[in-house]
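**Q** Provided herewith: entry31.pdb, PDB, C-alpha atoms and all ligand atoms.
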ATOM      1  CA  MET X  23     183.656  62.372  44.763  1.00  0.00           C
ATOM      2  CA  SER X  24     183.090  64.679  41.865  1.00  0.00           C
ATOM      3  CA  ASP X  25     186.231  66.090  40.295  1.00  0.00           C
ATOM      4  CA  THR X  26     184.719  67.230  37.024  1.00  0.00           C
ATOM      5  CA  LYS X  27     182.373  69.841  38.400  1.00  0.00           C
ATOM      6  CA  PRO X  28     182.479  73.335  36.990  1.00  0.00           C
ATOM      7  CA  GLY X  29     184.121  75.740  39.417  1.00  0.00           C
ATOM      8  CA  SER X  30     184.878  75.221  43.079  1.00  0.00           C
ATOM      9  CA  GLY X  31     181.298  74.792  44.235  1.00  0.00           C
ATOM     10  CA  ARG X  32     181.574  77.993  46.248  1.00  0.00           C
ATOM     11  CA  VAL X  33     179.053  80.327  44.678  1.00  0.00           C
ATOM     12  CA  ALA X  34     181.003  83.487  45.503  1.00  0.00           C
ATOM     13  CA  GLU X  35     184.070  82.215  43.623  1.00  0.00           C
ATOM     14  CA  MET X  36     182.195  81.089  40.520  1.00  0.00           C
ATOM     15  CA  THR X  37     180.983  82.803  37.351  1.00  0.00           C
ATOM     16  CA  TRP X  38     177.361  82.634  36.347  1.00  0.00           C
ATOM     17  CA  PRO X  39     178.104  80.293  33.411  1.00  0.00           C
ATOM     18  CA  GLU X  40     179.824  77.975  35.904  1.00  0.00           C
ATOM     19  CA  ILE X  41     176.738  78.103  38.112  1.00  0.00           C
ATOM     20  CA  GLU X  42     174.592  77.363  35.089  1.00  0.00           C
ATOM     21  CA  ALA X  43     176.717  74.308  34.315  1.00  0.00           C
ATOM     22  CA  ALA X  44     176.714  73.224  37.973  1.00  0.00           C
ATOM     23  CA  LEU X  45     172.917  73.240  37.953  1.00  0.00           C
ATOM     24  CA  GLU X  46     173.064  70.394  35.427  1.00  0.00           C
ATOM     25  CA  GLU X  47     174.547  68.327  38.277  1.00  0.00           C
ATOM     26  CA  THR X  48     172.772  69.612  41.350  1.00  0.00           C
ATOM     27  CA  ARG X  49     169.796  71.553  42.611  1.00  0.00           C
ATOM     28  CA  THR X  50     171.011  71.690  46.212  1.00  0.00           C
ATOM     29  CA  LEU X  51     172.394  74.777  47.953  1.00  0.00           C
ATOM     30  CA  LEU X  52     174.085  74.830  51.356  1.00  0.00           C
ATOM     31  CA  VAL X  53     173.703  78.124  53.222  1.00  0.00           C
ATOM     32  CA  PRO X  54     175.970  78.499  56.272  1.00  0.00           C
ATOM     33  CA  VAL X  55     174.126  80.546  58.879  1.00  0.00           C
ATOM     34  CA  GLY X  56     176.060  81.945  61.795  1.00  0.00           C
ATOM     35  CA  SER X  57     176.318  84.969  63.990  1.00  0.00           C
ATOM     36  CA  THR X  58     179.041  87.395  64.978  1.00  0.00           C
ATOM     37  CA  GLU X  59     179.089  87.202  68.744  1.00  0.00           C
ATOM     38  CA  GLN X  60     181.493  86.906  71.639  1.00  0.00           C
ATOM     39  CA  HIS X  61     182.994  83.457  72.200  1.00  0.00           C
ATOM     40  CA  GLY X  62     184.918  83.937  75.408  1.00  0.00           C
ATOM     41  CA  ARG X  63     188.426  85.287  75.830  1.00  0.00           C
ATOM     42  CA  HIS X  64     189.962  82.504  73.780  1.00  0.00           C
ATOM     43  CA  MET X  65     188.006  82.485  70.503  1.00  0.00           C
ATOM     44  CA  PRO X  66     187.067  85.017  67.821  1.00  0.00           C
ATOM     45  CA  LEU X  67     183.637  86.476  67.233  1.00  0.00           C
ATOM     46  CA  GLY X  68     183.132  84.653  63.939  1.00  0.00           C
ATOM     47  CA  VAL X  69     183.073  81.076  65.279  1.00  0.00           C
ATOM     48  CA  ASP X  70     179.416  80.401  64.458  1.00  0.00           C
ATOM     49  CA  ALA X  71     179.935  81.319  60.793  1.00  0.00           C
ATOM     50  CA  TYR X  72     183.424  79.818  60.390  1.00  0.00           C
ATOM     51  CA  MET X  73     182.223  76.372  61.519  1.00  0.00           C
ATOM     52  CA  PRO X  74     179.299  75.831  59.117  1.00  0.00           C
ATOM     53  CA  GLU X  75     181.224  77.408  56.227  1.00  0.00           C
ATOM     54  CA  ALA X  76     184.153  75.022  56.658  1.00  0.00           C
ATOM     55  CA  ILE X  77     181.853  72.044  57.188  1.00  0.00           C
ATOM     56  CA  GLY X  78     179.930  73.042  54.053  1.00  0.00           C
ATOM     57  CA  ALA X  79     183.240  73.217  52.155  1.00  0.00           C
ATOM     58  CA  ARG X  80     183.929  69.585  53.071  1.00  0.00           C
ATOM     59  CA  VAL X  81     180.450  68.581  51.963  1.00  0.00           C
ATOM     60  CA  ILE X  82     180.835  70.180  48.525  1.00  0.00           C
ATOM     61  CA  ALA X  83     184.217  68.452  48.133  1.00  0.00           C
ATOM     62  CA  ARG X  84     182.312  65.152  48.345  1.00  0.00           C
ATOM     63  CA  SER X  85     179.190  66.086  46.394  1.00  0.00           C
ATOM     64  CA  SER X  86     178.034  68.358  43.613  1.00  0.00           C
ATOM     65  CA  ALA X  87     176.055  70.647  45.963  1.00  0.00           C
ATOM     66  CA  LEU X  88     176.761  74.382  45.892  1.00  0.00           C
ATOM     67  CA  LEU X  89     177.898  76.431  48.884  1.00  0.00           C
ATOM     68  CA  ALA X  90     176.491  79.931  49.380  1.00  0.00           C
ATOM     69  CA  PRO X  91     178.415  82.725  51.096  1.00  0.00           C
ATOM     70  CA  PRO X  92     177.729  82.582  54.831  1.00  0.00           C
ATOM     71  CA  VAL X  93     175.222  84.704  56.699  1.00  0.00           C
ATOM     72  CA  TRP X  94     177.429  86.406  59.276  1.00  0.00           C
ATOM     73  CA  TYR X  95     174.796  88.169  61.384  1.00  0.00           C
ATOM     74  CA  GLY X  96     172.266  86.331  63.486  1.00  0.00           C
ATOM     75  CA  VAL X  97     170.019  86.579  66.496  1.00  0.00           C
ATOM     76  CA  SER X  98     172.365  87.194  69.426  1.00  0.00           C
ATOM     77  CA  PRO X  99     170.755  89.685  71.825  1.00  0.00           C
ATOM     78  CA  HIS X 100     172.089  87.683  74.786  1.00  0.00           C
ATOM     79  CA  HIS X 101     175.721  88.316  73.796  1.00  0.00           C
ATOM     80  CA  THR X 102     175.772  92.109  73.477  1.00  0.00           C
ATOM     81  CA  PHE X 103     177.246  92.381  76.976  1.00  0.00           C
ATOM     82  CA  LYS X 104     180.633  91.920  75.277  1.00  0.00           C
ATOM     83  CA  PRO X 105     182.003  94.189  72.538  1.00  0.00           C
ATOM     84  CA  GLY X 106     182.114  92.964  68.965  1.00  0.00           C
ATOM     85  CA  THR X 107     178.741  91.228  69.089  1.00  0.00           C
ATOM     86  CA  PHE X 108     176.108  92.107  66.486  1.00  0.00           C
ATOM     87  CA  THR X 109     172.474  91.083  66.592  1.00  0.00           C
ATOM     88  CA  VAL X 110     169.475  91.497  64.319  1.00  0.00           C
ATOM     89  CA  SER X 111     165.843  91.185  65.282  1.00  0.00           C
ATOM     90  CA  THR X 112     164.042  87.917  64.814  1.00  0.00           C
ATOM     91  CA  GLU X 113     161.835  89.476  62.095  1.00  0.00           C
ATOM     92  CA  THR X 114     164.780  90.947  60.168  1.00  0.00           C
ATOM     93  CA  PHE X 115     166.670  87.682  60.354  1.00  0.00           C
ATOM     94  CA  GLN X 116     163.747  85.608  59.092  1.00  0.00           C
ATOM     95  CA  ARG X 117     162.988  87.958  56.209  1.00  0.00           C
ATOM     96  CA  TYR X 118     166.614  88.234  55.155  1.00  0.00           C
ATOM     97  CA  LEU X 119     167.170  84.472  55.171  1.00  0.00           C
ATOM     98  CA  PHE X 120     163.880  83.786  53.427  1.00  0.00           C
ATOM     99  CA  ASP X 121     164.756  86.281  50.674  1.00  0.00           C
ATOM    100  CA  ILE X 122     168.252  84.816  50.202  1.00  0.00           C
ATOM    101  CA  CYS X 123     166.899  81.299  49.773  1.00  0.00           C
ATOM    102  CA  ALA X 124     163.841  82.319  47.747  1.00  0.00           C
ATOM    103  CA  SER X 125     166.039  84.228  45.297  1.00  0.00           C
ATOM    104  CA  ALA X 126     168.122  81.086  44.726  1.00  0.00           C
ATOM    105  CA  SER X 127     164.931  79.290  43.780  1.00  0.00           C
ATOM    106  CA  GLU X 128     164.529  81.841  40.948  1.00  0.00           C
ATOM    107  CA  TRP X 129     167.582  80.378  39.170  1.00  0.00           C
ATOM    108  CA  GLY X 130     166.946  76.721  39.766  1.00  0.00           C
ATOM    109  CA  ILE X 131     167.771  75.768  43.360  1.00  0.00           C
ATOM    110  CA  GLU X 132     165.189  73.286  44.645  1.00  0.00           C
ATOM    111  CA  ASN X 133     166.772  72.133  47.923  1.00  0.00           C
ATOM    112  CA  VAL X 134     168.251  74.368  50.596  1.00  0.00           C
ATOM    113  CA  LEU X 135     170.128  73.232  53.686  1.00  0.00           C
ATOM    114  CA  LEU X 136     170.517  75.944  56.313  1.00  0.00           C
ATOM    115  CA  LEU X 137     173.687  74.915  58.179  1.00  0.00           C
ATOM    116  CA  ASN X 138     173.192  76.600  61.527  1.00  0.00           C
ATOM    117  CA  GLY X 139     176.349  77.225  63.545  1.00  0.00           C
ATOM    118  CA  HIS X 140     174.642  79.239  66.289  1.00  0.00           C
ATOM    119  CA  TYR X 141     173.632  76.717  68.955  1.00  0.00           C
ATOM    120  CA  LEU X 142     169.961  76.686  69.869  1.00  0.00           C
ATOM    121  CA  ALA X 143     169.471  80.436  69.962  1.00  0.00           C
ATOM    122  CA  GLN X 144     168.165  81.013  66.426  1.00  0.00           C
ATOM    123  CA  ASP X 145     166.511  77.628  65.922  1.00  0.00           C
ATOM    124  CA  PRO X 146     162.950  78.991  66.134  1.00  0.00           C
ATOM    125  CA  GLU X 147     163.562  81.542  63.376  1.00  0.00           C
ATOM    126  CA  LEU X 148     165.126  78.953  61.097  1.00  0.00           C
ATOM    127  CA  GLU X 149     162.214  76.573  61.573  1.00  0.00           C
ATOM    128  CA  VAL X 150     159.839  79.310  60.437  1.00  0.00           C
ATOM    129  CA  VAL X 151     161.983  80.112  57.394  1.00  0.00           C
ATOM    130  CA  VAL X 152     162.027  76.425  56.433  1.00  0.00           C
ATOM    131  CA  ARG X 153     158.253  76.201  56.687  1.00  0.00           C
ATOM    132  CA  ARG X 154     157.711  79.353  54.616  1.00  0.00           C
ATOM    133  CA  LEU X 155     160.154  78.261  51.898  1.00  0.00           C
ATOM    134  CA  ARG X 156     158.329  74.975  51.547  1.00  0.00           C
ATOM    135  CA  SER X 157     154.805  76.348  51.596  1.00  0.00           C
ATOM    136  CA  GLU X 158     155.303  79.616  49.700  1.00  0.00           C
ATOM    137  CA  ARG X 159     158.106  78.772  47.217  1.00  0.00           C
ATOM    138  CA  ASP X 160     157.975  74.978  47.017  1.00  0.00           C
ATOM    139  CA  VAL X 161     161.641  74.827  48.097  1.00  0.00           C
ATOM    140  CA  ARG X 162     162.616  71.699  49.991  1.00  0.00           C
ATOM    141  CA  ALA X 163     164.338  73.480  52.863  1.00  0.00           C
ATOM    142  CA  PHE X 164     165.962  71.957  55.940  1.00  0.00           C
ATOM    143  CA  HIS X 165     167.209  73.423  59.177  1.00  0.00           C
ATOM    144  CA  VAL X 166     170.488  71.639  59.967  1.00  0.00           C
ATOM    145  CA  PRO X 167     171.721  72.621  63.443  1.00  0.00           C
ATOM    146  CA  LEU X 168     175.366  71.549  63.640  1.00  0.00           C
ATOM    147  CA  VAL X 169     174.881  70.553  67.257  1.00  0.00           C
ATOM    148  CA  ASN X 170     172.321  67.942  66.160  1.00  0.00           C
ATOM    149  CA  VAL X 171     174.432  66.416  63.399  1.00  0.00           C
ATOM    150  CA  PHE X 172     177.413  65.906  65.669  1.00  0.00           C
ATOM    151  CA  ALA X 173     175.483  65.067  68.851  1.00  0.00           C
ATOM    152  CA  ASP X 174     176.060  61.276  68.815  1.00  0.00           C
ATOM    153  CA  VAL X 175     179.807  61.643  68.385  1.00  0.00           C
ATOM    154  CA  ALA X 176     179.894  64.494  70.902  1.00  0.00           C
ATOM    155  CA  GLU X 177     178.475  62.163  73.564  1.00  0.00           C
ATOM    156  CA  GLU X 178     181.272  59.700  72.819  1.00  0.00           C
ATOM    157  CA  VAL X 179     184.244  62.069  72.696  1.00  0.00           C
ATOM    158  CA  ARG X 180     183.370  64.535  75.429  1.00  0.00           C
ATOM    159  CA  THR X 181     185.392  64.477  78.624  1.00  0.00           C
ATOM    160  CA  GLY X 182     184.087  67.711  80.171  1.00  0.00           C
ATOM    161  CA  GLU X 183     181.023  67.947  82.364  1.00  0.00           C
ATOM    162  CA  VAL X 184     179.530  70.992  80.707  1.00  0.00           C
ATOM    163  CA  SER X 185     179.788  72.323  77.166  1.00  0.00           C
ATOM    164  CA  PHE X 186     177.368  75.103  76.459  1.00  0.00           C
ATOM    165  CA  HIS X 187     178.708  78.247  74.828  1.00  0.00           C
ATOM    166  CA  ALA X 188     182.271  78.545  73.442  1.00  0.00           C
ATOM    167  CA  SER X 189     183.365  75.496  75.394  1.00  0.00           C
ATOM    168  CA  GLU X 190     184.448  71.898  74.697  1.00  0.00           C
ATOM    169  CA  PHE X 191     182.584  71.327  71.416  1.00  0.00           C
ATOM    170  CA  GLU X 192     183.003  74.666  69.684  1.00  0.00           C
ATOM    171  CA  THR X 193     186.598  75.071  70.861  1.00  0.00           C
ATOM    172  CA  SER X 194     187.461  71.547  69.658  1.00  0.00           C
ATOM    173  CA  ILE X 195     185.910  72.201  66.252  1.00  0.00           C
ATOM    174  CA  MET X 196     187.820  75.463  65.919  1.00  0.00           C
ATOM    175  CA  LEU X 197     191.075  73.729  66.957  1.00  0.00           C
ATOM    176  CA  ALA X 198     190.482  71.234  64.151  1.00  0.00           C
ATOM    177  CA  LEU X 199     189.518  73.788  61.501  1.00  0.00           C
ATOM    178  CA  PHE X 200     191.197  77.105  62.413  1.00  0.00           C
ATOM    179  CA  PRO X 201     193.835  76.438  65.103  1.00  0.00           C
ATOM    180  CA  GLU X 202     195.500  79.777  64.427  1.00  0.00           C
ATOM    181  CA  LEU X 203     192.353  81.554  65.680  1.00  0.00           C
ATOM    182  CA  VAL X 204     192.170  79.774  69.050  1.00  0.00           C
ATOM    183  CA  HIS X 205     194.105  80.984  72.101  1.00  0.00           C
ATOM    184  CA  MET X 206     194.122  78.008  74.462  1.00  0.00           C
ATOM    185  CA  ASP X 207     196.356  79.873  76.914  1.00  0.00           C
ATOM    186  CA  ARG X 208     193.423  82.238  77.525  1.00  0.00           C
ATOM    187  CA  ALA X 209     190.741  79.532  77.827  1.00  0.00           C
ATOM    188  CA  GLU X 210     189.090  79.243  81.221  1.00  0.00           C
ATOM    189  CA  SER X 211     186.420  77.003  82.648  1.00  0.00           C
ATOM    190  CA  VAL X 212     183.184  78.721  83.692  1.00  0.00           C
ATOM    191  CA  ASP X 213     180.687  76.669  85.655  1.00  0.00           C
ATOM    192  CA  PRO X 214     176.991  77.174  84.967  1.00  0.00           C
ATOM    193  CA  PRO X 215     174.613  77.675  87.922  1.00  0.00           C
ATOM    194  CA  ALA X 216     174.831  74.781  90.367  1.00  0.00           C
ATOM    195  CA  GLU X 217     171.291  73.744  89.598  1.00  0.00           C
ATOM    196  CA  SER X 218     169.283  74.316  86.452  1.00  0.00           C
ATOM    197  CA  LEU X 219     165.539  74.694  86.646  1.00  0.00           C
ATOM    198  CA  PRO X 220     163.573  71.481  86.012  1.00  0.00           C
ATOM    199  CA  LEU X 221     163.506  70.468  82.303  1.00  0.00           C
ATOM    200  CA  THR X 222     166.369  72.875  81.482  1.00  0.00           C
ATOM    201  CA  ASP X 223     170.086  72.317  81.313  1.00  0.00           C
ATOM    202  CA  TYR X 224     173.099  74.537  80.650  1.00  0.00           C
ATOM    203  CA  ASP X 225     174.617  72.135  78.150  1.00  0.00           C
ATOM    204  CA  ALA X 226     174.488  71.944  74.346  1.00  0.00           C
ATOM    205  CA  LEU X 227     173.375  68.306  74.560  1.00  0.00           C
ATOM    206  CA  GLY X 228     171.345  68.804  77.704  1.00  0.00           C
ATOM    207  CA  GLU X 229     167.851  67.767  78.656  1.00  0.00           C
ATOM    208  CA  ASN X 230     166.277  70.919  77.369  1.00  0.00           C
ATOM    209  CA  GLU X 231     162.715  69.755  77.279  1.00  0.00           C
ATOM    210  CA  VAL X 232     161.248  73.228  77.422  1.00  0.00           C
ATOM    211  CA  GLY X 233     162.176  76.248  75.330  1.00  0.00           C
ATOM    212  CA  TRP X 234     163.921  79.027  77.243  1.00  0.00           C
ATOM    213  CA  SER X 235     166.237  81.911  76.595  1.00  0.00           C
ATOM    214  CA  LEU X 236     168.807  84.151  78.216  1.00  0.00           C
ATOM    215  CA  THR X 237     169.239  87.919  78.074  1.00  0.00           C
ATOM    216  CA  ALA X 238     172.516  89.820  77.898  1.00  0.00           C
ATOM    217  CA  ARG X 239     172.055  90.667  81.576  1.00  0.00           C
ATOM    218  CA  ASP X 240     171.635  86.990  82.459  1.00  0.00           C
ATOM    219  CA  MET X 241     174.759  86.103  80.493  1.00  0.00           C
ATOM    220  CA  GLY X 242     176.750  88.924  82.085  1.00  0.00           C
ATOM    221  CA  GLU X 243     175.862  87.557  85.516  1.00  0.00           C
ATOM    222  CA  LEU X 244     176.598  83.960  84.517  1.00  0.00           C
ATOM    223  CA  THR X 245     179.961  84.400  82.873  1.00  0.00           C
ATOM    224  CA  PRO X 246     182.548  87.179  83.152  1.00  0.00           C
ATOM    225  CA  ALA X 247     184.682  85.437  80.506  1.00  0.00           C
ATOM    226  CA  GLY X 248     181.802  84.924  78.061  1.00  0.00           C
ATOM    227  CA  ASN X 249     181.850  81.138  77.729  1.00  0.00           C
ATOM    228  CA  ILE X 250     179.775  78.665  79.723  1.00  0.00           C
ATOM    229  CA  GLY X 251     181.441  75.327  80.288  1.00  0.00           C
ATOM    230  CA  ASP X 252     185.013  74.092  80.108  1.00  0.00           C
ATOM    231  CA  PRO X 253     186.973  74.865  76.924  1.00  0.00           C
ATOM    232  CA  THR X 254     190.271  73.706  78.474  1.00  0.00           C
ATOM    233  CA  VAL X 255     189.440  70.062  77.682  1.00  0.00           C
ATOM    234  CA  ALA X 256     189.009  70.833  73.957  1.00  0.00           C
ATOM    235  CA  THR X 257     191.325  69.115  71.479  1.00  0.00           C
ATOM    236  CA  ALA X 258     191.729  69.137  67.714  1.00  0.00           C
ATOM    237  CA  GLU X 259     191.168  65.350  67.697  1.00  0.00           C
ATOM    238  CA  LYS X 260     187.740  65.728  69.304  1.00  0.00           C
ATOM    239  CA  GLY X 261     186.998  68.551  66.895  1.00  0.00           C
ATOM    240  CA  GLU X 262     187.940  66.484  63.866  1.00  0.00           C
ATOM    241  CA  ALA X 263     185.574  63.725  65.015  1.00  0.00           C
ATOM    242  CA  LEU X 264     182.743  66.242  65.479  1.00  0.00           C
ATOM    243  CA  VAL X 265     183.359  67.831  62.097  1.00  0.00           C
ATOM    244  CA  GLU X 266     183.467  64.475  60.309  1.00  0.00           C
ATOM    245  CA  SER X 267     180.250  63.415  61.999  1.00  0.00           C
ATOM    246  CA  ALA X 268     178.513  66.564  60.799  1.00  0.00           C
ATOM    247  CA  VAL X 269     179.949  66.288  57.288  1.00  0.00           C
ATOM    248  CA  SER X 270     178.963  62.650  56.804  1.00  0.00           C
ATOM    249  CA  ASP X 271     175.446  63.235  58.115  1.00  0.00           C
ATOM    250  CA  ILE X 272     174.930  66.248  55.857  1.00  0.00           C
ATOM    251  CA  CYS X 273     176.301  64.253  52.885  1.00  0.00           C
ATOM    252  CA  LEU X 274     173.639  61.592  53.547  1.00  0.00           C
ATOM    253  CA  LEU X 275     170.911  64.179  53.163  1.00  0.00           C
ATOM    254  CA  VAL X 276     172.554  65.812  50.121  1.00  0.00           C
ATOM    255  CA  ASP X 277     172.894  62.415  48.407  1.00  0.00           C
ATOM    256  CA  GLU X 278     169.290  61.513  49.126  1.00  0.00           C
ATOM    257  CA  LEU X 279     168.075  64.824  47.692  1.00  0.00           C
ATOM    258  CA  ALA X 280     170.076  64.159  44.522  1.00  0.00           C
ATOM    259  CA  GLU X 281     168.122  60.944  43.826  1.00  0.00           C
TER
HETATM  260 ZN    ZN O 301     179.017  79.646  68.978  1.00  0.00          ZN
END
Before anything else, please render the file you have as structure tokens.

**A**
Amino acid sequence: MSDTKPGSGRVAEMTWPEIEAALEETRTLLVPVGSTEQHGRHMPLGVDAYMPEAIGARVIARSSALLAPPVWYGVSPHHTFKPGTFTVSTETFQRYLFDICASASEWGIENVLLLNGHYLAQDPELEVVVRRLRSERDVRAFHVPLVNVFADVAEEVRTGEVSFHASEFETSIMLALFPELVHMDRAESVDPPAESLPLTDYDALGENEVGWSLTARDMGELTPAGNIGDPTVATAEKGEALVESAVSDICLLVDELAE
């Protein structure tokens, strides 16, 4: 626990002299990466950015790492069947993220953790950005999908059969972090197709052994409400356990990078 650090640790709230002083303590930057996309009838469009930003805030409360402003727009072409969703192309997204992180390396950041709140869908782009940052800018970059850093605890706390999009896990996390933004009275369970194809699974922790994707038309046919899975079993207690799992795992990496 560092209580002597200059400024809050949130880059957007700090002055440049505070950043300069903070760099005496750390060379690690957390970049929350989300999307603005539909999350069913019961949750707001900003879920995928709210989650990694709040998780990053807990990490910087326990370490000297810095927290960048979140990236609000991601790769969400499969969600444009509902209003309020934005998407950028895979090329735009990669270039934008690369430039954000590379520019931080100009003023002393050596380690970047991309905290990805958008389940699975923009993983490929983030992996490419990580590789380019390492090979072209010598930045130690990491793709940190939230779903991976809470997966073990998610297996333990889950009670629902299916949690894919805007369902048990995300709704629980939002109930823990931003309960005022969740409308449980509007939450409804949406079953995925009775049978997935071999090696695929409509679940965030599923046996997805092959890469696959959905279009907006597919999603529109799958789910009139927008979510896939059962958000009605979400609780703030489950969410708190998921958040803490993610925070403690990310802190392990941050601490190791500080050595
Ligand atoms: Zn989401």

**Q** Applied to the shown file, which residues does the PyMOL selection byres (((not hetatm)) within 9 of (chain O and resi 301)) return, written as a list in words?

**A**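 Going through the file, the PyMOL selection byres (((not hetatm)) within 9 of (chain O and resi 301)) ends up selecting Gly56, Ser57, Thr58, Glu59, Gln60, His61, Leu67, Gly68, Val69, Asp70, Ala71, Met73, Gly139, His140, Tyr141, Phe186, His187, Ala188, Ser189 and Glu192 of chain X.
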
**Q** Decode the PyMOL selection byres (((chain X and resi 97-106) around 7) and not hetatm) for the given file into explicit residues and return them as a PyMOL selection string.

**A** chain X and resi 57+59-60+67+96+107-112+144+236-238+241-242

**Q** Could the residues in this selection be saved with C-alpha atoms as a JSON list (two decimals), keeping the file's coordinate frame?

**A**
[["chain", "number", "residue", "atom", "x", "y", "z"],
["X", 57, "SER", "CA", 176.32, 84.97, 63.99],
["X", 59, "GLU", "CA", 179.09, 87.20, 68.74],
["X", 60, "GLN", "CA", 181.49, 86.91, 71.64],
["X", 67, "LEU", "CA", 183.64, 86.48, 67.23],
["X", 96, "GLY", "CA", 172.27, 86.33, 63.49],
["X", 107, "THR", "CA", 178.74, 91.23, 69.09],
["X", 108, "PHE", "CA", 176.11, 92.11, 66.49],
["X", 109, "THR", "CA", 172.47, 91.08, 66.59],
["X", 110, "VAL", "CA", 169.48, 91.50, 64.32],
["X", 111, "SER", "CA", 165.84, 91.18, 65.28],
["X", 112, "THR", "CA", 164.04, 87.92, 64.81],
["X", 144, "GLN", "CA", 168.16, 81.01, 66.43],
["X", 236, "LEU", "CA", 168.81, 84.15, 78.22],
["X", 237, "THR", "CA", 169.24, 87.92, 78.07],
["X", 238, "ALA", "CA", 172.52, 89.82, 77.90],
["X", 241, "MET", "CA", 174.76, 86.10, 80.49],
["X", 242, "GLY", "CA", 176.75, 88.92, 82.08]]

**Q** Go ahead and find all residues with at least one atom no further than 9 Å from (165.0, 83.2, 56.2) in the file's coordinates, using all atoms listed in the file; report them as a list in words.

**A** Thr114, Phe115, Gln116, Arg117, Tyr118, Leu119, Phe120, Asp121, Ile122, Cys123, Ala124, Glu147, Leu148, Glu149, Val150, Val151, Val152, Arg154 and Leu155 of chain X

**Q** Using all atoms listed in the file, what residues lie at most 10 Å away from (172.9, 80.1, 56.1) (file coordinates), given as number ranges by chain?

**A** X: 51-57, 71, 74-75, 89-96, 119, 122-123, 134-139, 148, 165-166

**Q** As a check of understanding, name the residues that the PyMOL selection byres (((chain X and resi 264) around 8) and not hetatm) selects in the supplied structure, as a list in words.

**A**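 Listing what the PyMOL selection byres (((chain X and resi 264) around 8) and not hetatm) selects in the shown file: Phe172, Val175, Ala176, Phe191, Ile195, Lys260, Gly261, Glu262, Ala263, Val265, Glu266, Ser267 and Ala268 of chain X.
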
**Q** I need the residue nearest Leu168 of chain X from this list: X:Asp213, X:Asp271, X:Glu259, X:Glu183. Use all atoms listed in the file for the distance.

**A**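 Going through X:Asp213, X:Asp271, X:Glu259, X:Glu183 one by one, the smallest distance to Leu168 of chain X is for X:Asp271.
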
**Q** Between X:Ala126, X:Val81, X:Leu221, X:Met206, which residue has the minimum interatomic distance to Val269 of chain X, considering all atoms listed in the file?

**A**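 Selected residue with least distance to Val269 of chain X: X:Val81.
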
**Q** Smallest atom-to-atom distance to Thr48 of chain X: which of X:Val33, X:Leu88, X:Val232, X:Ala83, using all atoms listed in the file?

**A**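 Nearest to Thr48 of chain X: X:Leu88.
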
**Q** Considering only C-alpha atoms, can you say which of X:Thr254, X:Ser157, X:Thr37, X:Ser86 comes closest to Thr181 of chain X?

**A**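 Looking at the shortest contact to Thr181 of chain X, the residue is X:Thr254.
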
**Q** Atom CA of Ile82 of chain X and atom CA of Val169 of chain X are how many Å apart?

**A**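 Computing the Euclidean distance for atom CA of Ile82 of chain X and atom CA of Val169 of chain X yields 19.7 Å.
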
**Q** Work out how far apart atom CA of Val161 of chain X and atom CA of Gly31 of chain X are and give it in Å to one decimal.

**A**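 Separating atom CA of Val161 of chain X from atom CA of Gly31 of chain X is a distance of 20.0 Å.
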
**Q** Could you state the separation of atom CA of Arg208 of chain X and atom CA of Ala247 of chain X in Å, given to one decimal place?

**A**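 Result for atom CA of Arg208 of chain X versus atom CA of Ala247 of chain X: 9.8 Å, one decimal.
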
**Q** Nearest residue to Ala256 of chain X out of X:Asn133, X:Ser194, X:Ser125, X:Ser218, using all atoms listed in the file?

**A**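 For Ala256 of chain X, the nearest of the candidates is X:Ser194.
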
**Q** Could you give me, as a PDB file with C-alpha atoms, in the coordinates of the input, the residues within 8 Å of Leu142 of chain X, counting only C-alpha atoms and dropping anything in the same chain fewer than 3 positions from it?

**A**
ATOM      1  CA  ASP X 145     166.511  77.628  65.922  1.00  0.00           C
ATOM      2  CA  PRO X 167     171.721  72.621  63.443  1.00  0.00           C
ATOM      3  CA  ALA X 226     174.488  71.944  74.346  1.00  0.00           C
TER       4      ALA X 226
END

**Q** Padding 8 Å on every side, please: axis-aligned box over the listed atoms of segment 102-118 of chain X, centre and edge lengths to one decimal in Å, as JSON.

**A**
{"center_x": 172.0, "center_y": 89.9, "center_z": 66.1, "size_x": 36.3, "size_y": 24.6, "size_z": 37.8}

**Q** X:Cys273, X:Leu199, X:Ala34, X:Ile131: which is nearest Ala76 of chain X, counting only C-alpha atoms?

**A** X:Leu199

**Q** Please rebuild segment 93-99 of chain X with N, CA and C atoms and give the result as a short mmCIF file (atom, residue, chain, number, x, y, z; two decimals), keeping the file's coordinate frame.

**A**
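What landed in selection02.cif:
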data_model
loop_
_atom_site.label_atom_id
_atom_site.label_comp_id
_atom_site.auth_asym_id
_atom_site.auth_seq_id
_atom_site.Cartn_x
_atom_site.Cartn_y
_atom_site.Cartn_z
N VAL X 93 175.95 83.61 56.07
CA VAL X 93 175.22 84.70 56.70
C VAL X 93 175.91 84.97 58.04
N TRP X 94 176.55 86.12 58.13
CA TRP X 94 177.43 86.41 59.28
C TRP X 94 176.69 86.95 60.50
N TYR X 95 175.50 87.52 60.27
CA TYR X 95 174.80 88.17 61.38
C TYR X 95 173.56 87.38 61.75
N GLY X 96 173.40 87.12 63.04
CA GLY X 96 172.27 86.33 63.49
C GLY X 96 171.58 86.96 64.68
N VAL X 97 170.83 86.12 65.36
CA VAL X 97 170.02 86.58 66.50
C VAL X 97 170.82 86.32 67.78
N SER X 98 171.45 87.34 68.29
CA SER X 98 172.36 87.19 69.43
C SER X 98 172.18 88.26 70.49
N PRO X 99 170.94 88.60 70.85
CA PRO X 99 170.76 89.68 71.82
C PRO X 99 171.36 89.36 73.19
#
